Amino acid sequence: MDTPTSTPAQTVGRPLAIVLGLLTIFGPISMDLYLPVLPALTTELQSTTSVAQLTITACLLGLAIGQVIAGPVSDRFGRRTPLLIGVIAYTVTSALCAISPTVETLIAARFVQGLAGAVGIVIAQAAGRDVYSGGKLIRYYGRLTVLGGLAAIIGPVIGGQLATVTDWRGVFLFLAAVGVAILVACLLVFRETLPADRRTTGGLSHTLGDFRRLLADRVFVGAVLITGFTYSAIFAYLSGATYILQGVYGLSPQGYSFAFGLNSLGFVIFGFIGGRLSERWSERGTLAVGLSMTFIGALGLLATALLHLPLIAIIVSLFTMVSGVAVTSPPATSLALKDYPDIAGTASSLLGLARFAFGGLAAPLVGISGANDPVPFGVVAAVAAGAAALSLGLVRRPRKESQ
């Protein structure tokens, strides 16, 4: 089997690297930008907390399902055309979210928005595998983690400031504008990274065979489970923290945005550290460190909820948990994708499915007892972190053979 590890060097210029990085903001910016106005959205649409949180779940499930579709499609037809279609659809559906008259309509629009946004996420990972290998690949996934964290910082801060001049509908219009900007960048810079002679052939049966090949690899499965469970904790945070920090601890939307930004700064810093540690030390060892941090932070959140500890306790616990997830992300992604250059899109799609499907299922659980009860949030985070730690045993066992 021909499994080249890189395309010609001229395809890996700085503009392409920047655009690939920008594609990673689809998930964070879609989720984080409107979190400061989620309580106001709940009130205006006369919804309950749990139902309003389904707007998060719908987007996450769309991001998950969309990646399962986009990954194999991009392996077969190339990266550029599916990417452009996805960015256009994302822009249109963001505008549709802005004009939704009911919470049910918004939930549906958010699902479609997620489907469209998934294309950029999966292609950012797969195209990176097209053009990088070895240490450069690990560093690339570290940069993706850092850029995702930067988007998480910028998103709620901008969202909090937008809340001072517009309502939640204006926030979605801003997302549509972001989609237009990314579309222009893709049209100008993104060239095809997967040549025709490296694309897969065959229909659904071939795709299912690729999925079976991946799921037979215990290291791949372990990396996917770690990614899914750690991001369950992250998305529980994204869903629940806005209610807890504003409702229970009395922060304003602007105060929440800056508290969120502090935790996201930890994500950026430790995502960079995770990439460097994976490259210079050990991918599996770095995973162990990150999972330990994640579990300690999640237990801190549970203790804070049960013992009614002050604001500083929840901020420190969130910082530790979020930073731990950032440490796990580069090595988990590298372990999942590095041995599958021939089906990088398909492998990336399963990684994304776990990340967003697990997260989408966890998000509404944090509001099951109402907006002012932080205990479900602590329980979800602790259970997810514990499950991720148990999955480490799979990746500690080396593959039986090299791909």
# chains A, B, ... in the order shown; residues from 1 in each chain; ligands from 1
$ residues_around --residues "Ile314 in chain A" --least-positions-apart "3" --cutoff "8 Å" --atoms "only C-alpha atoms" --output "CSV table (one decimal) with N, CA, C and O atoms, in the first residue's frame"
chain,number,residue,atom,x,y,z
A,300,GLY,N,-12.2,18.6,42.1
A,300,GLY,CA,-12.3,19.9,42.8
A,300,GLY,C,-13.7,20.5,42.5
A,300,GLY,O,-14.3,21.1,43.4
A,301,LEU,N,-14.2,20.4,41.3
A,301,LEU,CA,-15.5,21.0,41.0
A,301,LEU,C,-16.6,20.3,41.7
A,301,LEU,O,-17.5,20.9,42.2
A,304,THR,N,-16.4,21.4,45.3
A,304,THR,CA,-16.9,22.8,45.4
A,304,THR,C,-18.4,22.9,45.4
A,304,THR,O,-19.0,23.6,46.2
A,309,LEU,N,-18.2,25.9,48.2
A,309,LEU,CA,-16.9,26.6,48.4
A,309,LEU,C,-17.0,27.9,47.6
A,309,LEU,O,-17.8,28.1,46.7
A,310,PRO,N,-16.1,28.9,47.9
A,310,PRO,CA,-16.2,30.2,47.3
A,310,PRO,C,-15.7,30.2,45.8
A,310,PRO,O,-15.2,29.2,45.3
A,311,LEU,N,-15.9,31.4,45.2
A,311,LEU,CA,-15.6,31.5,43.8
A,311,LEU,C,-14.2,31.1,43.4
A,311,LEU,O,-14.0,30.4,42.4
A,317,SER,N,-10.4,25.0,40.2
A,317,SER,CA,-10.7,23.7,39.7
A,317,SER,C,-10.9,23.7,38.2
A,317,SER,O,-10.5,22.8,37.5
A,318,LEU,N,-11.7,24.7,37.7
A,318,LEU,CA,-11.9,24.8,36.3
A,318,LEU,C,-10.6,24.9,35.5
A,318,LEU,O,-10.4,24.3,34.5
$ closest_residue --among "A:Ser30, A:Thr227, A:Gln53, A:Thr242" --to "Phe172 in chain A" --atoms "only C-alpha atoms"
A:Ser30
$ closest_residue --among "A:Thr48, A:Ser257, A:Thr294, A:Gln113" --to "Val87 in chain A" --atoms "only C-alpha atoms"
A:Gln113
$ atom_distance --atom1 "CA of Gly71 in chain A" --atom2 "CA of Ser348 in chain A"
6.6 Å
$ closest_residue --among "A:Ala17, A:Leu33, A:Val327, A:Ala303" --to "Val157 in chain A" --atoms "only C-alpha atoms"
A:Leu33
$ closest_residue --among "A:Tyr141, A:Tyr90, A:Phe272, A:Trp281" --to "Leu183 in chain A" --atoms "only C-alpha atoms"
A:Tyr90
$ closest_residue --among "A:Leu150, A:Ala40, A:Ala288, A:Ala326" --to "Arg169 in chain A" --atoms "only C-alpha atoms"
A:Ala40
$ residues_around --residues "Asp373 in chain A" --least-positions-apart "4" --cutoff "12 Å" --atoms "only C-alpha atoms" --output "VMD selection string"
chain A and resid 49 240 to 241 243 to 245 247 to 249 302 304 to 306 308 365 to 369 377 to 379
$ atom_distance --atom1 "CA of Phe77 in chain A" --atom2 "CA of Pro341 in chain A"
15.4 Å
$ closest_residue --among "A:Val380, A:Leu350, A:Leu22, A:Ile85" --to "Leu215 in chain A" --atoms "only C-alpha atoms"
A:Leu350
$ atom_distance --atom1 "CA of Ser74 in chain A" --atom2 "CA of Gly345 in chain A"
6.2 Å
$ residues_around --residues "Ile107 in chain A" --least-positions-apart "3" --cutoff "6 Å" --atoms "only C-alpha atoms" --output "count of residues only"
4
$ select_by_dssp --residues "range 147-269 of chain A" --states "helix (DSSP H, G or I)" --output "ChimeraX atom specification"
/A:147-162,168-189,196-198,204-215,218-248,253-269
$ closest_atom_pairs --of "range 133-213 of chain A" --to "range 276-279 of chain A" --cutoff "10 Å" --atoms "only C-alpha atoms" --output "CSV"
residue,atom,partner,partner_atom,distance
A:Gly134,CA,A:Glu279,CA,8.6
A:Gly135,CA,A:Glu279,CA,5.8
A:Lys136,CA,A:Glu279,CA,8.7
A:Leu137,CA,A:Glu279,CA,9.2
A:Ile138,CA,A:Glu279,CA,6.2
A:Arg139,CA,A:Arg276,CA,6.9
A:Gly142,CA,A:Arg276,CA,7.6
$ write_last_selection --atoms "N, CA, C and O atoms" --output "PDB file, in the first residue's frame"
ATOM      1  N   GLY A 134       5.698  12.998  11.601  1.00  0.00           N
ATOM      2  CA  GLY A 134       6.689  12.979  12.667  1.00  0.00           C
ATOM      3  C   GLY A 134       6.496  14.095  13.675  1.00  0.00           C
ATOM      4  O   GLY A 134       5.377  14.418  14.088  1.00  0.00           O
ATOM      5  N   GLY A 135       7.615  14.702  14.095  1.00  0.00           N
ATOM      6  CA  GLY A 135       7.564  15.772  15.077  1.00  0.00           C
ATOM      7  C   GLY A 135       6.767  16.966  14.599  1.00  0.00           C
ATOM      8  O   GLY A 135       6.087  17.628  15.380  1.00  0.00           O
ATOM      9  N   LYS A 136       6.836  17.275  13.301  1.00  0.00           N
ATOM     10  CA  LYS A 136       6.074  18.399  12.758  1.00  0.00           C
ATOM     11  C   LYS A 136       4.578  18.170  12.919  1.00  0.00           C
ATOM     12  O   LYS A 136       3.812  19.113  13.156  1.00  0.00           O
ATOM     13  N   LEU A 137       4.150  16.905  12.789  1.00  0.00           N
ATOM     14  CA  LEU A 137       2.727  16.597  12.937  1.00  0.00           C
ATOM     15  C   LEU A 137       2.278  16.846  14.374  1.00  0.00           C
ATOM     16  O   LEU A 137       1.214  17.438  14.603  1.00  0.00           O
ATOM     17  N   ILE A 138       3.087  16.397  15.348  1.00  0.00           N
ATOM     18  CA  ILE A 138       2.733  16.613  16.752  1.00  0.00           C
ATOM     19  C   ILE A 138       2.680  18.109  17.059  1.00  0.00           C
ATOM     20  O   ILE A 138       1.772  18.593  17.733  1.00  0.00           O
ATOM     21  N   ARG A 139       3.672  18.856  16.553  1.00  0.00           N
ATOM     22  CA  ARG A 139       3.668  20.308  16.780  1.00  0.00           C
ATOM     23  C   ARG A 139       2.449  20.962  16.149  1.00  0.00           C
ATOM     24  O   ARG A 139       1.867  21.889  16.707  1.00  0.00           O
ATOM     25  N   GLY A 142      -0.437  20.407  18.312  1.00  0.00           N
ATOM     26  CA  GLY A 142      -0.297  21.295  19.456  1.00  0.00           C
ATOM     27  C   GLY A 142      -0.765  22.709  19.125  1.00  0.00           C
ATOM     28  O   GLY A 142      -1.435  23.363  19.926  1.00  0.00           O
TER      29      GLY A 142
END
$ residues_around --residues "range 337-339 of chain A" --least-positions-apart "4" --cutoff "8 Å" --atoms "only C-alpha atoms" --output "PyMOL selection string"
chain A and resi 129+133-134+137+220+333+344+347-348+402-403
$ residues_around --residues "Gly117 in chain A" --least-positions-apart "2" --cutoff "12 Å" --atoms "only C-alpha atoms" --output "NGL selection string"
:A and (23-31 or 59-67 or 69-70 or 82-94 or 110-115 or 119-124 or 175-176 or 178-179 or 182-183 or 352 or 356)
